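Just below is one structure, and these are the notes that go with it.
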Amino acid sequence: MPIDRFSYQPSASQLNLPIRKTLMAKQFRGSHTVTVTPFTPDGGGIDEAALKRFLDWQIACGVPGVIILGTTGEFLTVSDDERQRYVEATVKHVAGRMQVMVGTMNAYTPNAVRYSKEAEALGADGLMIAPPYYYTPTHDEIFNYYKAISEAVTIPIMLYNNPVTTNVDMPAKLVAKLTKAFENVRYIKEASMNVGRVFDIVELTEGVMNVFAGERIVESYRLGAVGYVNPYGNYIPRASSRIWDFLVAGRLDDAQAIQALINRMDHIIAEGHPTYGHQCYSKALAAAAGYPVGDVRAPLTKFVELGAEGVSRREKLVAIMGELDALMDRLQAKAA
């Protein structure tokens with residue numbers, strides 16, 4: 001019999017966990033923006049003033065949480081000193097007004113452990129961690145990597161399954177093994193491009209693992225996802241956050257209307273940057289929305305280097321952003 005994803009609550013004995021370790025203070029739900037990293041105009045540092053304006057915008061739009069230093073946040077280009085100051089500044093400025101998760105993955109396990117411990121000490125609510133990238137590690141190597149991190153921290157860990165960028169796919173059986181072994185591994189961003197994986201993970205973990213969609217928002221919700229890791233929140237935070245609220249409220253048609261416009265934007269971005277264009281366009285569109293956050297760092301293509309084609313695509317995207325604002329006004333008026 002299928003598990004009731006939203007009411008099933010396993011006991012400590014079912015999970016083979018000590019009762020004192022089964023309670024975690026934080027619970028993550030809804031559409032969390034996976035943020036760009038605001039850089040100074042010359043790209044030489046973190047722009048803390050821009051960061052604060054950007055975070056206040058997210059909060060004003062009702063975003064329940066942000067995830068910093070993910071793929072969209074160019075984590076590979078950020079120095080250890082910048083990382084420490086960035087996490088500290090984000091947590092301090094947010095001051096509990098929304099949740100803050102931090103990407104702490106690294107191909108070298110001791111570094112991932114160090115980044116994770118640092119983020120917890122600085123006040124992060126949770127961690128998002130991809131498996132070791134580039135090496136194509138075995139399942140045992142992945143397990144031991146997460147074991148080392150899990151044993152070093154107490155805050156929740158969100159696994160990050162993104163085969164496109166990490167060159168490793170964590171199948172549902174491995175996710176279930178990690179869920180059973182480590183009591184703070186209770187979330188996963190599932191971005192394998194196989195939406196059916198959402199259902200497989202929920203079933204194999206008996207509803208214990210909380211799946212966050214990495215794409216196909218409406219379909220993932222229908223298959224049991226409880227949230228969305230959202231790159232579009234960098235420039236359309238109101239619409240891309242409220243879409244999840246509409247799903248939970250049973251307003252599927254309204255959610256699908258939002259998703260249709262987001263899909264149009266996604267196609268324009270993908271055509272203009274065939275590898276991984278969200279960083280470049282996300283920053284250009286955040287600026288178009290009134291929240292400049294600098295440009296990307298090398299080796300990524302800067303927006304200015306896209307020339308007239310980039311400007312043309314940005315204009316098309318900004319027009320759709322206007323359509324989304326008008327749609328949101330209508331949908332919110334309907335609910336009033």
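Labeling convention for the structure tokens: chains A, B, ... as they appear, residues from 1 per chain, ligands from 1 in order of appearance.
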
Give one line per residue of region 55-132 of chain A that approaches region 35-47 of chain A to at most 9 Å, naming the two atoms of the closest pair and their distance in Å to one decimal, counting only C-alpha atoms; sort by chain then ascending residue number and deliver it as a tab-separated table.
residue	atom	partner	partner_atom	distance
A:Val66	CA	A:Thr35	CA	6.6
A:Ile67	CA	A:Thr35	CA	6.1
A:Ile68	CA	A:Thr35	CA	5.4
A:Leu69	CA	A:Thr37	CA	7.2
A:Gly70	CA	A:Thr35	CA	7.4
A:Thr71	CA	A:Val36	CA	8.6
A:Thr72	CA	A:Val36	CA	5.4
A:Gly73	CA	A:Val36	CA	4.2
A:Glu74	CA	A:Thr37	CA	6.8
A:Phe75	CA	A:Thr37	CA	8.3
A:Val78	CA	A:Gly45	CA	8.9
A:Glu82	CA	A:Ile46	CA	6.9
A:Arg85	CA	A:Ile46	CA	8.5
A:Tyr86	CA	A:Ile46	CA	7.1

Spatial neighbours of Val153 (chain A), 10 Å, only C-alpha atoms, chain gap at least 3 places, as a PyMOL selection string: chain A and resi 113-114+116-121+126-127+148-150+156-157+184

Selection export as a compact mmCIF listing (two decimals), in the first residue's frame, atoms kept: all heavy atoms:
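Final output, saved to result18.txt:
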# COMPACT_ATOMS: atom_id res chain seq x y z
N VAL A 113 33.63 18.45 5.55
CA VAL A 113 33.38 18.40 6.99
C VAL A 113 33.66 19.77 7.61
O VAL A 113 32.87 20.29 8.42
CB VAL A 113 34.24 17.31 7.65
CG1 VAL A 113 34.17 17.42 9.18
CG2 VAL A 113 33.78 15.92 7.21
N ARG A 114 34.78 20.36 7.24
CA ARG A 114 35.17 21.66 7.81
C ARG A 114 34.15 22.74 7.46
O ARG A 114 33.74 23.53 8.32
CB ARG A 114 36.57 22.04 7.31
CG ARG A 114 37.05 23.41 7.75
CD ARG A 114 38.55 23.54 7.53
NE ARG A 114 38.92 23.33 6.13
CZ ARG A 114 38.94 24.27 5.19
NH1 ARG A 114 38.59 25.52 5.51
NH2 ARG A 114 39.31 24.00 3.96
N SER A 116 31.04 22.32 6.73
CA SER A 116 29.77 22.01 7.40
C SER A 116 29.80 22.43 8.86
O SER A 116 28.85 23.03 9.37
CB SER A 116 29.47 20.52 7.26
OG SER A 116 29.36 20.13 5.90
N LYS A 117 30.89 22.12 9.54
CA LYS A 117 31.03 22.51 10.94
C LYS A 117 31.04 24.03 11.07
O LYS A 117 30.44 24.60 11.99
CB LYS A 117 32.31 21.91 11.53
CG LYS A 117 32.26 20.40 11.69
CD LYS A 117 33.59 19.83 12.12
CE LYS A 117 33.97 20.25 13.52
NZ LYS A 117 35.25 19.58 13.96
N GLU A 118 31.72 24.70 10.15
CA GLU A 118 31.78 26.15 10.17
C GLU A 118 30.38 26.75 9.99
O GLU A 118 29.99 27.68 10.72
CB GLU A 118 32.71 26.65 9.08
CG GLU A 118 32.78 28.17 8.97
CD GLU A 118 33.65 28.61 7.79
OE1 GLU A 118 33.17 28.52 6.63
OE2 GLU A 118 34.79 29.02 8.04
N ALA A 119 29.62 26.24 9.02
CA ALA A 119 28.28 26.77 8.76
C ALA A 119 27.38 26.58 9.98
O ALA A 119 26.60 27.49 10.33
CB ALA A 119 27.67 26.08 7.54
N GLU A 120 27.45 25.42 10.61
CA GLU A 120 26.65 25.20 11.81
C GLU A 120 27.06 26.18 12.92
O GLU A 120 26.20 26.78 13.58
CB GLU A 120 26.79 23.77 12.31
CG GLU A 120 25.98 23.49 13.56
CD GLU A 120 25.99 22.04 14.00
OE1 GLU A 120 27.02 21.36 13.79
OE2 GLU A 120 24.97 21.58 14.55
N ALA A 121 28.36 26.37 13.12
CA ALA A 121 28.83 27.28 14.17
C ALA A 121 28.39 28.72 13.89
O ALA A 121 28.18 29.49 14.84
CB ALA A 121 30.35 27.20 14.27
N GLY A 126 20.55 24.68 8.16
CA GLY A 126 20.74 23.38 7.53
C GLY A 126 21.82 23.46 6.47
O GLY A 126 22.35 24.54 6.16
N LEU A 127 22.15 22.31 5.89
CA LEU A 127 23.20 22.20 4.90
C LEU A 127 22.66 21.52 3.64
O LEU A 127 21.83 20.61 3.75
CB LEU A 127 24.37 21.37 5.44
CG LEU A 127 24.92 21.77 6.81
CD1 LEU A 127 25.91 20.72 7.30
CD2 LEU A 127 25.56 23.15 6.76
N ALA A 148 30.95 10.94 7.40
CA ALA A 148 31.89 11.85 8.06
C ALA A 148 31.24 13.20 8.36
O ALA A 148 31.43 13.77 9.44
CB ALA A 148 33.12 12.05 7.18
N ILE A 149 30.45 13.69 7.42
CA ILE A 149 29.79 14.99 7.62
C ILE A 149 28.69 14.86 8.67
O ILE A 149 28.58 15.70 9.57
CB ILE A 149 29.22 15.50 6.30
CG1 ILE A 149 30.33 15.71 5.27
CG2 ILE A 149 28.45 16.80 6.52
CD1 ILE A 149 29.84 15.94 3.85
N SER A 150 27.86 13.84 8.54
CA SER A 150 26.74 13.66 9.46
C SER A 150 27.21 13.56 10.91
O SER A 150 26.56 14.10 11.82
CB SER A 150 25.95 12.41 9.08
OG SER A 150 24.93 12.15 10.01
N PRO A 156 20.15 19.69 10.16
CA PRO A 156 19.69 18.85 9.06
C PRO A 156 20.57 18.97 7.81
O PRO A 156 21.09 20.04 7.49
CB PRO A 156 18.27 19.37 8.76
CG PRO A 156 17.85 20.04 10.02
CD PRO A 156 19.08 20.62 10.61
N ILE A 157 20.70 17.85 7.12
CA ILE A 157 21.45 17.78 5.87
C ILE A 157 20.49 17.49 4.73
O ILE A 157 19.68 16.56 4.82
CB ILE A 157 22.54 16.69 5.94
CG1 ILE A 157 23.62 17.08 6.95
CG2 ILE A 157 23.15 16.43 4.56
CD1 ILE A 157 24.61 15.97 7.24
N ASN A 184 20.25 12.87 10.82
CA ASN A 184 20.12 14.25 10.34
C ASN A 184 20.12 14.34 8.81
O ASN A 184 20.08 15.44 8.26
CB ASN A 184 21.21 15.16 10.92
CG ASN A 184 22.62 14.62 10.73
OD1 ASN A 184 22.82 13.48 10.31
ND2 ASN A 184 23.61 15.44 11.05

Shell around Ala181 (chain A) at 10 Å using only C-alpha atoms, local window under 2 positions removed, as an mmCIF file with C-alpha atoms, in the first residue's frame:
data_model
loop_
_atom_site.group_PDB
_atom_site.id
_atom_site.type_symbol
_atom_site.label_atom_id
_atom_site.label_comp_id
_atom_site.auth_asym_id
_atom_site.auth_seq_id
_atom_site.Cartn_x
_atom_site.Cartn_y
_atom_site.Cartn_z
ATOM 1 C CA LEU A 15 14.384 3.850 12.219
ATOM 2 C CA ASN A 16 16.720 2.045 14.651
ATOM 3 C CA LEU A 17 17.707 5.403 16.120
ATOM 4 C CA PHE A 143 28.240 6.711 2.002
ATOM 5 C CA TYR A 146 28.140 11.648 4.150
ATOM 6 C CA LYS A 147 28.945 9.604 7.250
ATOM 7 C CA SER A 150 26.740 13.660 9.464
ATOM 8 C CA VAL A 175 19.283 7.541 -0.648
ATOM 9 C CA ALA A 176 17.249 5.104 1.460
ATOM 10 C CA LYS A 177 20.445 3.644 2.935
ATOM 11 C CA LEU A 178 21.704 7.098 3.889
ATOM 12 C CA THR A 179 18.319 8.024 5.352
ATOM 13 C CA GLU A 183 19.288 10.763 11.608
ATOM 14 C CA ASN A 184 20.123 14.248 10.335
ATOM 15 C CA VAL A 185 19.913 13.192 6.667
#

All residues 9 Å or closer to Lys283 (chain A), only C-alpha atoms, same chain fewer than 4 positions away omitted, as a list in words: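 Result of the neighbour search: Val36, Thr37, Pro38, Asn234, Tyr235, His278, Gln279, Ala287, Ala288, Tyr291, Pro292, Val293, Gly294, Asp295, Val296 and Phe303 of chain A.
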
Among the residues A:Gly123, A:Gly290, A:Gly196, A:Gly214, the one that comes closest to Asn162 (chain A) [using only C-alpha atoms]: A:Gly214

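Counting from CA of Ala289 (chain A), the distance to CA of Ile236 (chain A) is 8.2 Å.
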
How close does region 163-265 of chain A get to region 101-106 of chain A? List, as JSON lines, each residue of region 163-265 of chain A within 12 Å, its nearest atom pair and the distance in Å to one decimal, counting only C-alpha atoms.
{"residue": "A:Thr166", "atom": "CA", "partner": "A:Met105", "partner_atom": "CA", "distance": 10.5}
{"residue": "A:Tyr187", "atom": "CA", "partner": "A:Met101", "partner_atom": "CA", "distance": 11.7}
{"residue": "A:Lys189", "atom": "CA", "partner": "A:Gly103", "partner_atom": "CA", "distance": 11.7}
{"residue": "A:Val229", "atom": "CA", "partner": "A:Met101", "partner_atom": "CA", "distance": 10.9}

Helix (DSSP H, G or I) call set, DSSP backbone run, region 64-156 of chain A, as a PyMOL selection string: chain A and resi 75-77+80-94+109-121+139-152

Who sits within 10 Å of Ala191 (chain A), only C-alpha atoms, same chain under 4 positions skipped, as a PyMOL selection string: chain A and resi 160-164+169+195+197-198+212-216+229

Selected residues written out, C-alpha atoms, as a PDB file, in the first residue's frame:
ATOM      1  CA  TYR A 160      21.869  17.142  -3.472  1.00  0.00           C
ATOM      2  CA  ASN A 161      21.471  14.780  -6.403  1.00  0.00           C
ATOM      3  CA  ASN A 162      22.450  16.540  -9.628  1.00  0.00           C
ATOM      4  CA  PRO A 163      24.182  14.143 -12.055  1.00  0.00           C
ATOM      5  CA  VAL A 164      24.566  16.858 -14.694  1.00  0.00           C
ATOM      6  CA  ASP A 169      23.731   9.893  -9.698  1.00  0.00           C
ATOM      7  CA  VAL A 195      10.670  13.142 -11.877  1.00  0.00           C
ATOM      8  CA  ARG A 197      12.583   9.432  -8.674  1.00  0.00           C
ATOM      9  CA  VAL A 198      10.615  11.606  -6.250  1.00  0.00           C
ATOM     10  CA  PHE A 212      12.648  18.875  -2.628  1.00  0.00           C
ATOM     11  CA  ALA A 213      12.084  19.184  -6.355  1.00  0.00           C
ATOM     12  CA  GLY A 214      14.974  20.228  -8.538  1.00  0.00           C
ATOM     13  CA  GLU A 215      12.726  20.765 -11.562  1.00  0.00           C
ATOM     14  CA  ARG A 216       9.150  20.084 -12.770  1.00  0.00           C
ATOM     15  CA  VAL A 229      14.991  24.327  -4.556  1.00  0.00           C
TER      16      VAL A 229
END

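Nearest residue to Leu76 (chain A), choosing from A:Ala326, A:Thr165, A:Ile269, A:Leu285 and counting only C-alpha atoms: A:Thr165.
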
Atomic distance CA of Glu219 (chain A) - CA of Ile268 (chain A), expressed in Å with one decimal: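 Interatomic distance, CA of Glu219 (chain A) to CA of Ile268 (chain A): 21.4 Å.
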
Two-atom distance - CA of Thr33 (chain A), CA of Glu305 (chain A) (Å): 26.1 Å

Near-Met328 (chain A) list (10 Å; only C-alpha atoms; drop same-chain fewer than 6 positions) as a list in words: Arg238, Ala239, Arg242, Ile243, Asp254, Ala257, Ile258, Gly322 and Lys334 of chain A

Closest of A:Tyr115, A:Tyr232, A:Trp57, A:Tyr108 to Asp81 (chain A) - atom-to-atom distances counting only C-alpha atoms: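 Comparing A:Tyr115, A:Tyr232, A:Trp57, A:Tyr108 against Asp81 (chain A), the winner is A:Tyr115.
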
Close residues, region 309-311 of chain A itself excluded, 12 Å, only C-alpha atoms, min 5 positions apart in chain, as a CSV table (one decimal) with N, CA and C atoms, in the first residue's frame:
chain,number,residue,atom,x,y,z
A,268,ILE,N,14.2,30.1,-23.0
A,268,ILE,CA,14.9,31.2,-23.5
A,268,ILE,C,16.3,31.2,-23.0
A,269,ILE,N,16.5,31.0,-21.6
A,269,ILE,CA,17.8,30.9,-21.0
A,269,ILE,C,18.6,29.8,-21.6
A,270,ALA,N,18.0,28.6,-21.7
A,270,ALA,CA,18.7,27.4,-22.2
A,270,ALA,C,19.2,27.6,-23.6
A,271,GLU,N,18.4,28.2,-24.4
A,271,GLU,CA,18.8,28.4,-25.8
A,271,GLU,C,20.0,29.4,-25.9
A,272,GLY,N,20.0,30.4,-25.0
A,272,GLY,CA,21.1,31.4,-25.0
A,272,GLY,C,22.4,31.0,-24.3
A,273,HIS,N,22.3,29.9,-23.5
A,273,HIS,CA,23.5,29.5,-22.8
A,273,HIS,C,23.3,28.0,-22.6
A,277,GLY,N,23.4,28.3,-17.8
A,277,GLY,CA,23.2,29.7,-17.9
A,277,GLY,C,22.5,30.4,-16.7
A,280,CYS,N,24.6,33.4,-15.0
A,280,CYS,CA,24.7,34.7,-15.8
A,280,CYS,C,23.4,35.4,-15.9
A,281,TYR,N,22.4,34.7,-16.3
A,281,TYR,CA,21.1,35.3,-16.6
A,281,TYR,C,20.4,35.7,-15.2
A,284,ALA,N,21.7,39.0,-14.2
A,284,ALA,CA,21.3,40.1,-15.1
A,284,ALA,C,19.8,40.4,-14.8
A,285,LEU,N,19.0,39.4,-14.6
A,285,LEU,CA,17.6,39.6,-14.3
A,285,LEU,C,17.3,40.1,-12.9
A,288,ALA,N,17.7,43.6,-13.4
A,288,ALA,CA,16.6,44.2,-14.1
A,288,ALA,C,15.4,44.4,-13.2
A,301,THR,N,30.7,32.7,-18.4
A,301,THR,CA,30.5,33.8,-19.3
A,301,THR,C,29.8,35.0,-18.7
A,302,LYS,N,30.4,36.2,-18.7
A,302,LYS,CA,29.7,37.4,-18.2
A,302,LYS,C,28.6,37.8,-19.1
A,303,PHE,N,27.6,38.5,-18.5
A,303,PHE,CA,26.5,38.9,-19.4
A,303,PHE,C,26.9,39.8,-20.5
A,304,VAL,N,27.8,40.7,-20.2
A,304,VAL,CA,28.2,41.7,-21.2
A,304,VAL,C,28.8,40.9,-22.4
A,316,LYS,N,13.3,39.8,-23.7
A,316,LYS,CA,12.2,38.8,-23.7
A,316,LYS,C,11.8,38.3,-22.3
A,317,LEU,N,12.9,38.0,-21.5
A,317,LEU,CA,12.7,37.5,-20.2
A,317,LEU,C,12.0,38.5,-19.3
A,318,VAL,N,12.4,39.8,-19.4
A,318,VAL,CA,11.8,40.8,-18.6
A,318,VAL,C,10.4,41.0,-18.9

I'd like to know which residues of region 164-271 of chain A are strand (DSSP E or B) (by DSSP, run on the backbone); could you write them as an mmCIF file with all heavy atoms, in the first residue's frame?
data_model
loop_
_atom_site.group_PDB
_atom_site.id
_atom_site.type_symbol
_atom_site.label_atom_id
_atom_site.label_comp_id
_atom_site.auth_asym_id
_atom_site.auth_seq_id
_atom_site.Cartn_x
_atom_site.Cartn_y
_atom_site.Cartn_z
ATOM 1 N N VAL A 185 20.104 13.208 8.125
ATOM 2 C CA VAL A 185 19.913 13.192 6.667
ATOM 3 C C VAL A 185 18.432 12.944 6.410
ATOM 4 O O VAL A 185 17.961 11.813 6.389
ATOM 5 C CB VAL A 185 20.781 12.119 5.992
ATOM 6 C CG1 VAL A 185 20.475 12.023 4.499
ATOM 7 C CG2 VAL A 185 22.263 12.424 6.201
ATOM 8 N N ARG A 186 17.695 14.028 6.240
ATOM 9 C CA ARG A 186 16.236 13.933 6.125
ATOM 10 C C ARG A 186 15.668 14.723 4.941
ATOM 11 O O ARG A 186 14.460 14.807 4.777
ATOM 12 C CB ARG A 186 15.563 14.421 7.417
ATOM 13 C CG ARG A 186 15.735 13.455 8.593
ATOM 14 C CD ARG A 186 14.970 12.160 8.330
ATOM 15 N NE ARG A 186 15.174 11.180 9.382
ATOM 16 C CZ ARG A 186 16.125 10.253 9.384
ATOM 17 N NH1 ARG A 186 16.987 10.191 8.386
ATOM 18 N NH2 ARG A 186 16.235 9.383 10.365
ATOM 19 N N TYR A 187 16.545 15.285 4.112
ATOM 20 C CA TYR A 187 16.101 16.065 2.960
ATOM 21 C C TYR A 187 16.964 15.721 1.755
ATOM 22 O O TYR A 187 18.119 15.327 1.895
ATOM 23 C CB TYR A 187 16.191 17.573 3.251
ATOM 24 C CG TYR A 187 15.295 18.017 4.379
ATOM 25 C CD1 TYR A 187 15.738 17.981 5.699
ATOM 26 C CD2 TYR A 187 13.994 18.442 4.125
ATOM 27 C CE1 TYR A 187 14.898 18.356 6.745
ATOM 28 C CE2 TYR A 187 13.161 18.829 5.160
ATOM 29 C CZ TYR A 187 13.610 18.775 6.455
ATOM 30 O OH TYR A 187 12.775 19.137 7.487
ATOM 31 N N ILE A 188 16.390 15.876 0.580
ATOM 32 C CA ILE A 188 17.155 15.719 -0.651
ATOM 33 C C ILE A 188 16.622 16.656 -1.722
ATOM 34 O O ILE A 188 15.402 16.788 -1.891
ATOM 35 C CB ILE A 188 17.128 14.258 -1.168
ATOM 36 C CG1 ILE A 188 17.992 14.114 -2.447
ATOM 37 C CG2 ILE A 188 15.701 13.771 -1.428
ATOM 38 C CD1 ILE A 188 18.212 12.678 -2.886
ATOM 39 N N LYS A 189 17.530 17.335 -2.403
ATOM 40 C CA LYS A 189 17.177 18.017 -3.650
ATOM 41 C C LYS A 189 17.362 16.999 -4.761
ATOM 42 O O LYS A 189 18.487 16.557 -5.031
ATOM 43 C CB LYS A 189 18.059 19.244 -3.903
ATOM 44 C CG LYS A 189 17.772 19.881 -5.269
ATOM 45 C CD LYS A 189 18.757 20.984 -5.619
ATOM 46 C CE LYS A 189 18.483 21.497 -7.042
ATOM 47 N NZ LYS A 189 19.441 22.561 -7.442
ATOM 48 N N GLU A 190 16.277 16.613 -5.394
ATOM 49 C CA GLU A 190 16.304 15.583 -6.423
ATOM 50 C C GLU A 190 16.246 16.256 -7.792
ATOM 51 O O GLU A 190 15.209 16.755 -8.211
ATOM 52 C CB GLU A 190 15.134 14.616 -6.237
ATOM 53 C CG GLU A 190 14.946 13.598 -7.336
ATOM 54 C CD GLU A 190 16.221 12.916 -7.766
ATOM 55 O OE1 GLU A 190 16.966 12.392 -6.901
ATOM 56 O OE2 GLU A 190 16.500 12.918 -8.975
ATOM 57 N N ASN A 210 12.381 13.695 3.063
ATOM 58 C CA ASN A 210 11.629 14.828 2.529
ATOM 59 C C ASN A 210 12.270 15.273 1.222
ATOM 60 O O ASN A 210 13.405 15.756 1.216
ATOM 61 C CB ASN A 210 11.647 15.991 3.524
ATOM 62 C CG ASN A 210 11.017 15.621 4.851
ATOM 63 O OD1 ASN A 210 9.802 15.664 4.991
ATOM 64 N ND2 ASN A 210 11.841 15.247 5.829
ATOM 65 N N VAL A 211 11.545 15.105 0.126
ATOM 66 C CA VAL A 211 12.099 15.408 -1.187
ATOM 67 C C VAL A 211 11.775 16.844 -1.590
ATOM 68 O O VAL A 211 10.614 17.270 -1.520
ATOM 69 C CB VAL A 211 11.565 14.433 -2.253
ATOM 70 C CG1 VAL A 211 12.189 14.747 -3.614
ATOM 71 C CG2 VAL A 211 11.853 12.985 -1.856
ATOM 72 N N PHE A 212 12.802 17.562 -2.015
ATOM 73 C CA PHE A 212 12.648 18.875 -2.628
ATOM 74 C C PHE A 212 12.880 18.723 -4.122
ATOM 75 O O PHE A 212 13.874 18.120 -4.546
ATOM 76 C CB PHE A 212 13.644 19.880 -2.041
ATOM 77 C CG PHE A 212 13.136 20.609 -0.830
ATOM 78 C CD1 PHE A 212 12.725 19.920 0.294
ATOM 79 C CD2 PHE A 212 13.057 21.993 -0.824
ATOM 80 C CE1 PHE A 212 12.254 20.587 1.410
ATOM 81 C CE2 PHE A 212 12.578 22.670 0.294
ATOM 82 C CZ PHE A 212 12.168 21.967 1.413
ATOM 83 N N ALA A 213 11.968 19.261 -4.909
ATOM 84 C CA ALA A 213 12.084 19.184 -6.355
ATOM 85 C C ALA A 213 13.271 20.000 -6.837
ATOM 86 O O ALA A 213 13.566 21.068 -6.309
ATOM 87 C CB ALA A 213 10.801 19.692 -7.009
ATOM 88 N N GLY A 227 8.839 20.420 -1.141
ATOM 89 C CA GLY A 227 9.404 21.735 -1.383
ATOM 90 C C GLY A 227 10.137 21.780 -2.702
ATOM 91 O O GLY A 227 10.181 20.795 -3.453
ATOM 92 N N TYR A 228 10.708 22.931 -2.981
ATOM 93 C CA TYR A 228 11.368 23.169 -4.259
ATOM 94 C C TYR A 228 12.624 23.994 -4.024
ATOM 95 O O TYR A 228 12.587 25.012 -3.336
ATOM 96 C CB TYR A 228 10.407 23.919 -5.190
ATOM 97 C CG TYR A 228 10.983 24.361 -6.510
ATOM 98 C CD1 TYR A 228 11.714 23.484 -7.305
ATOM 99 C CD2 TYR A 228 10.783 25.658 -6.974
ATOM 100 C CE1 TYR A 228 12.234 23.889 -8.526
ATOM 101 C CE2 TYR A 228 11.284 26.074 -8.199
ATOM 102 C CZ TYR A 228 12.014 25.186 -8.972
ATOM 103 O OH TYR A 228 12.527 25.583 -10.178
ATOM 104 N N VAL A 229 13.758 23.547 -4.566
ATOM 105 C CA VAL A 229 14.991 24.327 -4.556
ATOM 106 C C VAL A 229 14.975 25.167 -5.822
ATOM 107 O O VAL A 229 15.089 24.658 -6.932
ATOM 108 C CB VAL A 229 16.231 23.423 -4.489
ATOM 109 C CG1 VAL A 229 17.504 24.259 -4.590
ATOM 110 C CG2 VAL A 229 16.226 22.634 -3.174
ATOM 111 N N ASN A 230 14.858 26.473 -5.655
ATOM 112 C CA ASN A 230 14.305 27.360 -6.663
ATOM 113 C C ASN A 230 15.315 28.393 -7.184
ATOM 114 O O ASN A 230 15.555 29.409 -6.536
ATOM 115 C CB ASN A 230 13.099 28.075 -6.025
ATOM 116 C CG ASN A 230 12.544 29.184 -6.872
ATOM 117 O OD1 ASN A 230 12.692 29.201 -8.083
ATOM 118 N ND2 ASN A 230 11.893 30.140 -6.205
#
